[in-house]
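> Next comes the structure file run-v1.tsv, holding TSV, C-alpha atoms.
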chain	number	residue	atom	x	y	z
N	1	MET	CA	28.99	11.27	-6.40
N	2	VAL	CA	31.54	12.87	-4.11
N	3	TRP	CA	30.63	10.20	-1.58
N	4	PHE	CA	32.21	7.55	-3.77
N	5	PHE	CA	35.45	9.49	-3.56
N	6	VAL	CA	35.10	9.75	0.21
N	7	LEU	CA	34.47	6.00	0.37
N	8	GLY	CA	37.62	5.39	-1.69
N	9	ILE	CA	39.76	7.62	0.52
N	10	THR	CA	38.37	6.10	3.71
N	11	ALA	CA	38.89	2.55	2.48
N	12	GLY	CA	42.40	3.47	1.36
N	13	LEU	CA	43.32	5.06	4.66
N	14	LEU	CA	41.97	2.07	6.58
N	15	ARG	CA	43.93	-0.20	4.24
N	16	ALA	CA	40.76	-2.06	3.42
N	17	ASP	CA	41.02	-4.97	1.05
N	18	LEU	CA	39.54	-3.04	-1.83
N	19	ARG	CA	41.09	-2.63	-5.22
N	20	LEU	CA	39.56	-2.21	-8.64
N	21	PRO	CA	41.28	-4.42	-11.18
N	22	PRO	CA	43.69	-2.26	-13.24
N	23	ALA	CA	41.85	-3.22	-16.42
N	24	ILE	CA	38.61	-1.77	-15.02
N	25	TYR	CA	40.36	1.45	-14.08
N	26	ASP	CA	41.76	1.66	-17.60
N	27	PHE	CA	38.33	1.04	-19.07
N	28	LEU	CA	36.71	3.73	-16.92
N	29	THR	CA	39.39	6.21	-17.97
N	30	ILE	CA	38.86	5.37	-21.63
N	31	LEU	CA	35.10	5.89	-21.31
N	32	LEU	CA	35.55	9.23	-19.57
N	33	LEU	CA	38.06	10.52	-22.09
N	34	LEU	CA	35.97	9.51	-25.10
N	35	THR	CA	32.77	10.92	-23.62
N	36	ILE	CA	34.34	14.27	-22.76
N	37	GLY	CA	35.89	14.39	-26.22
N	38	MET	CA	32.66	13.57	-28.03
N	39	LYS	CA	30.58	16.04	-26.04
N	40	GLY	CA	33.12	18.73	-26.85
N	41	GLY	CA	33.24	17.71	-30.51
N	42	VAL	CA	29.49	18.07	-30.97
N	43	GLU	CA	29.65	21.65	-29.70
N	44	LEU	CA	32.82	22.37	-31.61
N	45	ALA	CA	30.96	21.67	-34.85
N	46	ALA	CA	28.66	24.61	-34.08
N	47	GLN	CA	31.61	26.90	-33.43
N	48	PRO	CA	33.44	28.89	-36.12
N	49	PHE	CA	37.14	28.06	-35.97
N	50	ALA	CA	38.23	31.67	-36.45
N	51	ALA	CA	36.40	32.70	-33.28
N	52	LEU	CA	38.13	29.96	-31.33
N	53	LEU	CA	41.68	30.78	-32.41
N	54	PRO	CA	42.34	33.74	-30.08
N	55	GLN	CA	40.94	31.74	-27.17
N	56	VAL	CA	43.24	28.87	-28.02
N	57	LEU	CA	46.29	31.13	-28.03
N	58	VAL	CA	45.39	32.71	-24.70
N	59	VAL	CA	44.81	29.32	-23.10
N	60	VAL	CA	48.14	27.91	-24.28
N	61	LEU	CA	49.88	31.03	-23.01
N	62	ALA	CA	48.19	30.54	-19.64
N	63	GLY	CA	49.46	26.95	-19.63
N	64	VAL	CA	53.00	28.30	-19.98
N	65	LEU	CA	52.55	31.02	-17.36
N	66	LEU	CA	51.17	28.82	-14.56
N	67	PRO	CA	54.25	26.62	-14.09
N	68	LEU	CA	56.50	29.67	-14.42
N	69	ALA	CA	54.59	31.28	-11.56
N	70	ALA	CA	54.60	28.14	-9.43
N	71	TYR	CA	58.32	27.39	-9.82
N	72	PRO	CA	59.80	30.32	-7.81
N	73	ILE	CA	57.30	29.70	-5.00
N	74	LEU	CA	58.31	26.05	-4.77
N	75	ARG	CA	61.99	26.88	-5.01
N	76	LEU	CA	62.12	29.82	-2.59
N	77	ALA	CA	59.27	29.30	-0.17
N	78	GLY	CA	59.41	25.52	-0.27
N	79	GLY	CA	63.19	25.19	-0.45
N	80	LEU	CA	62.83	22.36	-2.93
N	81	ALA	CA	65.60	21.17	-5.23
N	82	ARG	CA	65.50	22.48	-8.77
N	83	ALA	CA	64.31	19.23	-10.36
N	84	ASP	CA	61.58	18.73	-7.76
N	85	ALA	CA	60.32	22.30	-8.05
N	86	ALA	CA	60.27	22.09	-11.85
N	87	SER	CA	58.44	18.78	-11.81
N	88	ILE	CA	55.77	19.98	-9.36
N	89	ALA	CA	55.37	23.21	-11.35
N	90	ALA	CA	54.72	21.14	-14.47
N	91	HIS	CA	52.08	19.09	-12.65
N	92	TYR	CA	50.22	22.24	-11.63
N	93	GLY	CA	50.46	23.88	-15.04
N	94	SER	CA	48.90	20.86	-16.68
N	95	VAL	CA	45.35	19.58	-16.21
N	96	SER	CA	43.42	16.70	-14.72
N	97	VAL	CA	40.74	15.02	-16.79
N	98	GLY	CA	39.14	13.51	-13.69
N	99	THR	CA	38.68	16.92	-12.08
N	100	TYR	CA	37.26	18.32	-15.32
N	101	ALA	CA	34.79	15.43	-15.56
N	102	VAL	CA	33.60	16.04	-12.01
N	103	ALA	CA	33.16	19.74	-12.77
N	104	VAL	CA	31.09	18.88	-15.85
N	105	ALA	CA	28.89	16.56	-13.77
N	106	TYR	CA	28.61	19.21	-11.05
N	107	LEU	CA	27.43	21.87	-13.51
N	108	ALA	CA	25.03	19.46	-15.21
N	109	TYR	CA	23.56	18.57	-11.84
N	110	ARG	CA	23.04	22.24	-11.01
N	111	GLN	CA	21.65	22.77	-14.51
N	112	VAL	CA	24.25	25.39	-15.30
N	113	ALA	CA	24.85	25.70	-19.05
N	114	PHE	CA	28.47	25.61	-20.22
N	115	GLU	CA	30.46	25.60	-23.45
N	116	GLY	CA	31.30	21.95	-24.14
N	117	TYR	CA	34.15	22.95	-26.44
N	118	VAL	CA	36.17	23.87	-23.35
N	119	ALA	CA	37.24	20.22	-23.73
N	120	VAL	CA	39.52	21.46	-26.52
N	121	PHE	CA	41.43	23.48	-23.93
N	122	LEU	CA	41.78	20.31	-21.89
N	123	VAL	CA	43.78	18.83	-24.77
N	124	LEU	CA	45.79	21.99	-25.32
N	125	LEU	CA	46.77	22.45	-21.69
N	126	GLU	CA	48.38	19.06	-21.24
N	127	MET	CA	51.53	19.76	-23.22
N	128	PRO	CA	52.87	23.32	-22.57
N	129	ALA	CA	53.47	22.81	-18.86
N	130	ILE	CA	55.50	19.66	-19.53
N	131	VAL	CA	57.81	21.54	-21.89
N	132	VAL	CA	58.17	24.41	-19.42
N	133	GLY	CA	58.84	21.94	-16.59
N	134	ILE	CA	61.62	20.22	-18.51
N	135	LEU	CA	63.17	23.55	-19.48
N	136	LEU	CA	63.05	24.71	-15.85
N	137	ALA	CA	64.76	21.55	-14.68
N	138	ARG	CA	67.32	21.25	-17.44
N	139	GLY	CA	67.66	24.60	-19.13
N	140	VAL	CA	68.11	24.35	-22.87
N	141	ASN	CA	70.01	21.13	-23.00
N	142	ARG	CA	70.89	19.08	-25.99
N	143	ARG	CA	70.71	15.88	-24.00
N	144	THR	CA	66.98	16.23	-23.45
N	145	GLN	CA	65.32	13.68	-25.65
N	146	TRP	CA	62.40	15.65	-26.99
N	147	ARG	CA	61.32	13.23	-29.66
N	148	PRO	CA	60.50	10.20	-27.50
N	149	MET	CA	59.03	12.55	-24.88
N	150	ALA	CA	56.78	14.23	-27.45
N	151	HIS	CA	55.77	10.83	-28.75
N	152	GLU	CA	54.95	9.69	-25.25
N	153	VAL	CA	52.76	12.71	-24.50
N	154	LEU	CA	51.16	13.46	-27.86
N	155	LEU	CA	50.39	9.83	-28.56
N	156	GLY	CA	49.64	9.02	-24.95
N	157	ARG	CA	46.26	7.60	-24.17
N	158	SER	CA	44.63	10.77	-22.88
N	159	ILE	CA	45.48	12.98	-25.86
N	160	VAL	CA	44.67	10.32	-28.47
N	161	LEU	CA	41.29	9.51	-26.93
N	162	LEU	CA	40.35	13.13	-26.27
N	163	ILE	CA	41.23	14.24	-29.79
N	164	GLY	CA	39.69	11.09	-31.22
N	165	GLY	CA	36.50	11.75	-29.26
N	166	LEU	CA	36.47	15.38	-30.37
N	167	LEU	CA	36.79	14.37	-34.02
N	168	ILE	CA	34.13	11.67	-33.71
N	169	GLY	CA	31.71	14.07	-32.02
N	170	TRP	CA	32.53	16.77	-34.54
N	171	ALA	CA	32.01	14.49	-37.52
N	172	ALA	CA	28.97	12.62	-36.21
N	173	GLY	CA	27.13	15.51	-34.60
N	174	GLY	CA	24.62	15.16	-31.78
N	175	ASP	CA	22.21	12.95	-33.74
N	176	GLY	CA	24.96	10.70	-35.05
N	177	LEU	CA	25.99	9.89	-31.48
N	178	LEU	CA	22.50	8.85	-30.39
N	179	PRO	CA	23.01	5.11	-31.05
N	180	ILE	CA	26.02	4.99	-28.70
N	181	ALA	CA	24.65	7.48	-26.19
N	182	PRO	CA	23.41	4.77	-23.78
N	183	LEU	CA	26.98	3.65	-23.12
N	184	PHE	CA	28.82	6.95	-23.20
N	185	MET	CA	26.35	9.64	-22.18
N	186	ASP	CA	23.79	7.86	-19.99
N	187	LEU	CA	26.38	5.91	-18.03
N	188	PHE	CA	28.71	8.90	-17.65
N	189	LYS	CA	27.83	9.62	-14.04
N	190	GLY	CA	27.98	6.00	-12.95
N	191	VAL	CA	31.34	5.58	-14.63
N	192	LEU	CA	32.56	8.76	-13.00
N	193	ALA	CA	31.40	7.52	-9.60
N	194	LEU	CA	33.40	4.29	-9.95
N	195	PHE	CA	36.36	6.23	-11.27
N	196	LEU	CA	36.25	8.47	-8.20
N	197	LEU	CA	36.14	5.44	-5.93
N	198	GLU	CA	39.40	4.22	-7.45
N	199	MET	CA	40.90	7.72	-7.36
N	200	GLY	CA	40.08	7.91	-3.67
N	201	LEU	CA	41.97	4.67	-3.08
N	202	ILE	CA	44.96	5.96	-5.03
N	203	ALA	CA	44.90	9.37	-3.37
N	204	ALA	CA	44.88	7.74	0.07
N	205	GLY	CA	48.02	5.87	-0.98
N	206	GLN	CA	49.85	9.17	-1.41
N	207	THR	CA	49.46	10.25	2.18
N	208	THR	CA	52.54	8.38	3.37
N	209	SER	CA	54.82	10.59	1.28
N	210	LEU	CA	53.00	13.66	2.57
N	211	ARG	CA	53.73	12.72	6.13
N	212	ARG	CA	57.41	13.23	5.44
N	213	HIS	CA	57.32	16.43	3.40
N	214	GLY	CA	54.12	17.59	5.00
N	215	VAL	CA	53.27	21.13	5.77
N	216	PHE	CA	54.62	23.05	2.82
N	217	LEU	CA	53.26	20.63	0.21
N	218	ILE	CA	49.82	20.61	1.81
N	219	ALA	CA	49.75	24.41	1.98
N	220	PHE	CA	50.93	24.66	-1.61
N	221	GLY	CA	48.51	21.97	-2.77
N	222	ILE	CA	45.58	24.00	-1.48
N	223	THR	CA	46.73	27.59	-2.10
N	224	MET	CA	47.96	27.03	-5.64
N	225	PRO	CA	44.65	25.73	-7.07
N	226	VAL	CA	42.67	28.52	-5.39
N	227	VAL	CA	44.94	31.19	-6.85
N	228	SER	CA	45.10	29.62	-10.29
N	229	GLY	CA	41.34	28.96	-10.13
N	230	LEU	CA	40.80	32.66	-9.60
N	231	PHE	CA	43.15	33.36	-12.49
N	232	GLY	CA	41.26	30.87	-14.66
N	233	ALA	CA	37.92	32.39	-13.75
N	234	ALA	CA	39.19	35.84	-14.74
N	235	LEU	CA	40.51	34.37	-17.97
N	236	GLY	CA	37.21	32.65	-18.77
N	237	TRP	CA	35.32	35.86	-18.07
N	238	LEU	CA	37.68	37.90	-20.28
N	239	LEU	CA	37.26	35.37	-23.09
N	240	GLY	CA	33.51	35.88	-22.90
N	241	LEU	CA	32.57	32.41	-21.67
N	242	SER	CA	29.27	31.82	-19.85
N	243	VAL	CA	29.18	31.31	-16.08
N	244	GLY	CA	29.45	27.53	-16.59
N	245	GLY	CA	32.29	27.87	-19.08
N	246	THR	CA	34.11	30.25	-16.75
N	247	ALA	CA	33.76	27.77	-13.90
N	248	LEU	CA	35.19	25.04	-16.15
N	249	MET	CA	38.09	27.25	-17.17
N	250	ALA	CA	38.81	27.99	-13.52
N	251	THR	CA	38.72	24.25	-12.80
N	252	LEU	CA	41.13	23.54	-15.65
N	253	MET	CA	43.63	26.09	-14.39
N	254	ALA	CA	43.25	24.89	-10.80
N	255	SER	CA	43.61	21.19	-11.53
N	256	ALA	CA	46.93	19.39	-11.41
N	257	SER	CA	47.93	16.51	-13.63
N	258	TYR	CA	48.52	13.04	-12.26
N	259	ILE	CA	48.75	10.94	-15.41
N	260	ALA	CA	50.51	12.53	-18.37
N	261	VAL	CA	52.91	14.78	-16.48
N	262	PRO	CA	54.20	12.17	-14.00
N	263	ALA	CA	54.99	9.82	-16.88
N	264	ALA	CA	56.75	12.51	-18.90
N	265	MET	CA	58.68	13.84	-15.89
N	266	ARG	CA	59.79	10.37	-14.87
N	267	LEU	CA	61.47	9.92	-18.23
N	268	SER	CA	62.75	13.45	-18.81
N	269	VAL	CA	63.62	14.60	-15.29
N	270	PRO	CA	64.37	11.31	-13.53
N	271	GLU	CA	66.11	12.92	-10.54
N	272	ALA	CA	62.86	14.60	-9.47
N	273	ASN	CA	61.21	12.66	-6.67
N	274	PRO	CA	57.78	11.49	-7.91
N	275	ALA	CA	56.56	11.05	-4.34
N	276	LEU	CA	56.67	14.83	-3.86
N	277	SER	CA	54.81	15.84	-7.00
N	278	LEU	CA	52.24	13.05	-6.81
N	279	GLY	CA	51.80	13.58	-3.09
N	280	ALA	CA	50.89	17.20	-3.76
N	281	SER	CA	48.84	16.82	-6.93
N	282	LEU	CA	47.04	13.61	-6.05
N	283	GLY	CA	47.23	13.54	-2.27
N	284	VAL	CA	46.19	17.15	-1.71
N	285	THR	CA	45.01	19.07	-4.76
N	286	PHE	CA	42.82	16.43	-6.38
N	287	PRO	CA	40.81	15.74	-3.18
N	288	PHE	CA	40.64	19.46	-2.45
N	289	ASN	CA	39.28	20.22	-5.92
N	290	ILE	CA	36.71	17.42	-5.78
N	291	LEU	CA	35.48	18.17	-2.28
N	292	ALA	CA	35.72	21.96	-2.07
N	293	GLY	CA	37.39	23.47	-5.12
N	294	ILE	CA	34.81	22.98	-7.84
N	295	PRO	CA	31.92	24.66	-5.95
N	296	LEU	CA	34.35	27.44	-5.06
N	297	TYR	CA	35.36	27.99	-8.72
N	298	HIS	CA	31.69	28.05	-9.64
N	299	ARG	CA	31.27	30.75	-7.02
N	300	PHE	CA	34.24	32.67	-8.49
N	301	ALA	CA	32.61	32.50	-11.92
N	302	GLU	CA	29.24	33.71	-10.64
N	303	TYR	CA	30.88	36.53	-8.74
N	304	LEU	CA	32.92	37.76	-11.69
N	305	HIS	CA	29.95	37.67	-14.01
N	306	ARG	CA	27.82	39.60	-11.55
N	307	LEU	CA	30.63	42.09	-11.10
N	308	GLY	CA	31.37	42.54	-14.76
N	309	GLY	CA	27.85	42.05	-16.08
T	1	MET	CA	70.54	-33.91	-25.63
T	2	PRO	CA	73.30	-31.28	-25.91
T	3	LEU	CA	72.61	-28.08	-24.01
T	4	ASP	CA	74.38	-24.78	-24.44
T	5	HIS	CA	74.96	-22.26	-21.73
T	6	ARG	CA	73.75	-18.70	-21.84
T	7	LYS	CA	73.00	-15.96	-19.33
T	8	LEU	CA	69.55	-15.06	-18.12
T	9	LEU	CA	69.47	-11.37	-17.30
T	10	THR	CA	66.46	-10.31	-15.20
T	11	ILE	CA	65.60	-6.67	-14.62
T	12	VAL	CA	62.86	-5.54	-12.25
T	13	THR	CA	62.08	-1.85	-12.68
T	14	GLU	CA	59.47	0.85	-13.18
T	15	ALA	CA	56.91	0.32	-15.91
T	16	ALA	CA	57.62	3.85	-17.15
T	17	LEU	CA	60.91	2.61	-18.57
T	18	GLU	CA	59.48	-0.18	-20.69
T	19	HIS	CA	59.89	1.38	-24.15
T	20	GLU	CA	63.26	2.88	-23.41
T	21	LEU	CA	64.74	-0.34	-22.03
T	22	ALA	CA	63.33	-2.49	-24.81
T	23	GLY	CA	65.15	-0.30	-27.32
T	24	GLU	CA	68.32	-0.32	-25.24
T	25	ILE	CA	68.40	-4.12	-24.96
T	26	LEU	CA	68.09	-4.63	-28.70
T	27	ARG	CA	70.68	-1.95	-29.39
T	28	LEU	CA	73.19	-3.64	-27.07
T	29	GLY	CA	72.92	-6.95	-28.83
T	30	GLY	CA	70.01	-8.73	-27.17
T	31	THR	CA	67.99	-10.72	-29.70
T	32	GLY	CA	64.76	-10.51	-27.78
T	33	TYR	CA	63.16	-10.01	-24.39
T	34	THR	CA	60.13	-10.99	-22.33
T	35	ILE	CA	58.25	-8.47	-20.21
T	36	THR	CA	55.78	-9.31	-17.46
T	37	ASP	CA	53.90	-7.04	-15.07
T	38	ALA	CA	55.22	-7.17	-11.55
T	39	ARG	CA	54.72	-5.70	-8.11
T	40	GLY	CA	56.59	-5.84	-4.85
T	41	GLN	CA	58.50	-3.91	-2.25
T	42	GLY	CA	62.06	-2.70	-2.08
T	43	GLY	CA	64.35	0.24	-1.48
T	44	ARG	CA	61.83	2.63	-3.00
T	45	GLY	CA	58.85	1.45	-1.00
T	46	VAL	CA	55.85	-0.61	-1.98
T	47	ARG	CA	55.23	-0.66	-5.71
T	48	ASN	CA	51.83	-2.29	-5.83
T	49	ALA	CA	50.86	-1.60	-9.45
T	50	SER	CA	47.55	-0.07	-8.38
T	51	TRP	CA	48.07	2.48	-11.15
T	52	ALA	CA	50.66	3.42	-13.74
T	53	PRO	CA	53.22	5.39	-11.68
T	54	SER	CA	53.51	2.61	-9.12
T	55	ALA	CA	53.62	-0.27	-11.61
T	56	ASN	CA	56.68	-2.45	-12.04
T	57	ILE	CA	57.80	-4.71	-14.85
T	58	ARG	CA	60.13	-7.66	-14.98
T	59	ILE	CA	62.23	-7.96	-18.13
T	60	GLU	CA	64.02	-11.17	-18.97
T	61	VAL	CA	66.71	-11.49	-21.60
T	62	VAL	CA	68.54	-14.67	-22.55
T	63	CYS	CA	71.84	-13.75	-24.17
T	64	ALA	CA	75.57	-14.32	-24.35
T	65	ASP	CA	77.73	-13.43	-21.37
T	66	ALA	CA	79.24	-10.37	-23.05
T	67	THR	CA	75.81	-8.99	-23.99
T	68	ALA	CA	74.54	-9.47	-20.44
T	69	GLN	CA	77.57	-7.58	-19.12
T	70	ALA	CA	77.08	-4.78	-21.63
T	71	ILE	CA	73.41	-4.37	-20.81
T	72	ALA	CA	74.05	-4.50	-17.06
T	73	ALA	CA	76.77	-1.89	-17.29
T	74	ALA	CA	74.69	0.44	-19.44
T	75	LEU	CA	71.66	0.20	-17.16
T	76	ARG	CA	73.73	0.72	-14.05
T	77	GLU	CA	75.19	3.88	-15.45
T	78	ARG	CA	71.99	5.36	-16.82
T	79	TYR	CA	69.24	4.31	-14.43
T	80	TYR	CA	70.49	3.12	-11.05
T	81	ASP	CA	70.69	6.59	-9.51
T	82	ASN	CA	67.16	7.72	-10.21
T	83	TYR	CA	64.94	4.72	-10.78
T	84	ALA	CA	63.69	1.78	-8.83
T	85	MET	CA	65.70	-0.95	-10.51
T	86	ILE	CA	67.38	-4.22	-9.66
T	87	LEU	CA	69.00	-6.67	-12.02
T	88	PHE	CA	70.61	-10.03	-11.67
T	89	VAL	CA	72.20	-12.61	-13.93
T	90	ALA	CA	71.89	-16.38	-13.79
T	91	ASP	CA	73.25	-19.26	-15.83
T	92	VAL	CA	70.75	-21.09	-17.96
T	93	ALA	CA	70.90	-23.89	-20.47
T	94	VAL	CA	69.23	-23.54	-23.85
T	95	LEU	CA	68.37	-25.92	-26.66
T	96	ARG	CA	68.85	-23.60	-29.61
T	97	PRO	CA	72.01	-21.53	-29.00
T	98	ASP	CA	71.74	-19.81	-32.38
T	99	LYS	CA	68.60	-18.04	-31.13
T	100	PHE	CA	70.42	-16.19	-28.38
Transcribe the structure of this file into structure tokens.

Amino acid sequence: MVWFFVLGITAGLLRADLRLPPAIYDFLTILLLLTIGMKGGVELAAQPFAALLPQVLVVVLAGVLLPLAAYPILRLAGGLARADAASIAAHYGSVSVGTYAVAVAYLAYRQVAFEGYVAVFLVLLEMPAIVVGILLARGVNRRTQWRPMAHEVLLGRSIVLLIGGLLIGWAAGGDGLLPIAPLFMDLFKGVLALFLLEMGLIAAGQTTSLRRHGVFLIAFGITMPVVSGLFGAALGWLLGLSVGGTALMATLMASASYIAVPAAMRLSVPEANPALSLGASLGVTFPFNILAGIPLYHRFAEYLHRLGG
Amino acid sequence: MPLDHRKLLTIVTEAALEHELAGEILRLGGTGYTITDARGQGGRGVRNASWAPSANIRIEVVCADATAQAIAAALRERYYDNYAMILFVADVAVLRPDKF
């Protein structure tokens, strides 16, 4: 499956005449979001809510901490302007559905069991980093328009479809989903492969901005996910997740947003240069996670579980 | 056939601004607008609409001269510094002046 991503990147770098129609890309995203949601919902139904609550709180807290940790690095080591540093920090505190989907496929391929309800954390992690990012850029400012921003994010496509999928899976249960399984479950990997092809094309498009702001962003785009992946693996282990669940948690923490956060930052922190944050999150971190990160986070998870028993 | 003169205000900008600008136009006295997807190249590089952050839109508003000036001034103040945006105004003739 990774080869589709490589094909996309290569075609993009060679400026090949290859482009998926935007409507297809939208459709693939919708399928992925609903499938991930429904799979999580089915498992959520088997999970007592009370047991999940402490995990939820810890995960949201982690979503706040990550951008706070990234910001000073970007500001001091990277010498970036306040708005740029805050915007990039928000990207790295939030999550990428595409990366999560690849991690799920990776674990399934290796036949590693994992807790499907980790998809709930995917929903929860989207928002906190955006709020922290805006606060870092603006301070507490009355001119920040929280309401339209909240509307944009909470009712954005990814959250609506993920939560919708979770509820559908939760209500219908595994058997209830069987009639639609051929489209959503059986085609999942094919859909993901096409999605990765398009992501490769888009990621290749970000390299021009990297050429200008190069070295620091590339270093940050690789170091940050490894460090936060380690942090996520520790977190997953402490929360008592299985090896697969721990690997997913590490992937969530390591991934950087390229859909919800860019849109929110563009509206709320317009002076931040989107070429910098997208160049890092999409041009460096996303390819790194797909090609090398996910196996590495799986390794982290295995190591911690062996260490801690 | 009698024709009345109005202004056609055209804005080409980032798709991210769609909702915000639509509200702004109506608030400043526009009676309607037309939005189409767009792509192109300009001061902020190639915006080829391959995915959401690089998508452009083209907004057209037919309105009275004063409204066009008000919208142009408001957009210049709020968005010109930080967004990919151009706007221009042309004279057009319309059949039903009461609509605009």
> Can you pull out the residues contacting His19 of chain T? Cut-off 12 Å, using all atoms listed in the file, and skip same-chain residues under 3 positions away; I want them as a VMD selection string.
(chain N and resid 148 to 149 151 to 152 267) or (chain T and resid 14 to 16 22 to 26 33 35 57 59)
> Give me, as a PyMOL selection string, the residues of chain T touching chain N, with the criterion being at most 12 Å (counting all atoms listed in the file).
chain T and resi 14-21+23+37+44-55+78-84
> Those same residues - C-alpha atoms - I'd like them written as an mmCIF file, in the frame of the given file.

data_model
loop_
_atom_site.group_PDB
_atom_site.id
_atom_site.type_symbol
_atom_site.label_atom_id
_atom_site.label_comp_id
_atom_site.auth_asym_id
_atom_site.auth_seq_id
_atom_site.Cartn_x
_atom_site.Cartn_y
_atom_site.Cartn_z
ATOM 1 C CA GLU T 14 59.470 0.850 -13.180
ATOM 2 C CA ALA T 15 56.910 0.320 -15.910
ATOM 3 C CA ALA T 16 57.620 3.850 -17.150
ATOM 4 C CA LEU T 17 60.910 2.610 -18.570
ATOM 5 C CA GLU T 18 59.480 -0.180 -20.690
ATOM 6 C CA HIS T 19 59.890 1.380 -24.150
ATOM 7 C CA GLU T 20 63.260 2.880 -23.410
ATOM 8 C CA LEU T 21 64.740 -0.340 -22.030
ATOM 9 C CA GLY T 23 65.150 -0.300 -27.320
ATOM 10 C CA ASP T 37 53.900 -7.040 -15.070
ATOM 11 C CA ARG T 44 61.830 2.630 -3.000
ATOM 12 C CA GLY T 45 58.850 1.450 -1.000
ATOM 13 C CA VAL T 46 55.850 -0.610 -1.980
ATOM 14 C CA ARG T 47 55.230 -0.660 -5.710
ATOM 15 C CA ASN T 48 51.830 -2.290 -5.830
ATOM 16 C CA ALA T 49 50.860 -1.600 -9.450
ATOM 17 C CA SER T 50 47.550 -0.070 -8.380
ATOM 18 C CA TRP T 51 48.070 2.480 -11.150
ATOM 19 C CA ALA T 52 50.660 3.420 -13.740
ATOM 20 C CA PRO T 53 53.220 5.390 -11.680
ATOM 21 C CA SER T 54 53.510 2.610 -9.120
ATOM 22 C CA ALA T 55 53.620 -0.270 -11.610
ATOM 23 C CA ARG T 78 71.990 5.360 -16.820
ATOM 24 C CA TYR T 79 69.240 4.310 -14.430
ATOM 25 C CA TYR T 80 70.490 3.120 -11.050
ATOM 26 C CA ASP T 81 70.690 6.590 -9.510
ATOM 27 C CA ASN T 82 67.160 7.720 -10.210
ATOM 28 C CA TYR T 83 64.940 4.720 -10.780
ATOM 29 C CA ALA T 84 63.690 1.780 -8.830
#
> In terms of the shortest atom-to-atom distance over all atoms listed in the file, which of N:Val102, N:Leu7, N:Ala69, N:Leu122 is closest to Ser158 of chain N?
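Looking at the shortest contact to Ser158 of chain N, the residue is N:Leu122.
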> Calculate how many Å separate atom CA of Ala280 of chain N from atom CA of Asp84 of chain N, rounding to one decimal.
11.5 Å
> Give me the residues within 8 Å of Gly40 of chain N as number ranges by chain, counting only C-alpha atoms and dropping any in the same chain fewer than 4 places off.
N: 36, 44, 116-120, 166, 169-170
> Could you please take those selected residues and save C-alpha atoms as a PDB file, in the coordinates of the input?

ATOM      1  CA  ILE N  36      34.340  14.270 -22.760  1.00  0.00           C
ATOM      2  CA  LEU N  44      32.820  22.370 -31.610  1.00  0.00           C
ATOM      3  CA  GLY N 116      31.300  21.950 -24.140  1.00  0.00           C
ATOM      4  CA  TYR N 117      34.150  22.950 -26.440  1.00  0.00           C
ATOM      5  CA  VAL N 118      36.170  23.870 -23.350  1.00  0.00           C
ATOM      6  CA  ALA N 119      37.240  20.220 -23.730  1.00  0.00           C
ATOM      7  CA  VAL N 120      39.520  21.460 -26.520  1.00  0.00           C
ATOM      8  CA  LEU N 166      36.470  15.380 -30.370  1.00  0.00           C
ATOM      9  CA  GLY N 169      31.710  14.070 -32.020  1.00  0.00           C
ATOM     10  CA  TRP N 170      32.530  16.770 -34.540  1.00  0.00           C
TER      11      TRP N 170
END
> Rounded to one decimal place, report the atom CA of Tyr71 of chain N-atom CA of Ser87 of chain N distance in Å.
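Value for the atom CA of Tyr71 of chain N-atom CA of Ser87 of chain N distance: 8.8 Å.
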> Neighbouring residues of segment 295-308 of chain N were defined as those with any atom within 7 Å, considering all atoms listed in the file; residues of the same chain fewer than 4 positions away were excluded. Please report them as a list in words.
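After dropping sequence-adjacent residues, the list is Gly229, Leu230, Ala233, Trp237, Val243, Thr246, Ala247, Ala250 and Thr251 of chain N.
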> Could you please determine the separation between atom CA of Met249 of chain N and atom CA of Met127 of chain N in Å, to one decimal place?
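One can read the atom CA of Met249 of chain N to atom CA of Met127 of chain N distance as 16.5 Å.
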> Using all atoms listed in the file, can you tell me which of T:Asn56, T:Asp98, T:Thr67, T:Val92 comes closest to Ile11 of chain T?
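When distances to Ile11 of chain T are compared using all atoms listed in the file, the smallest one comes from T:Asn56.
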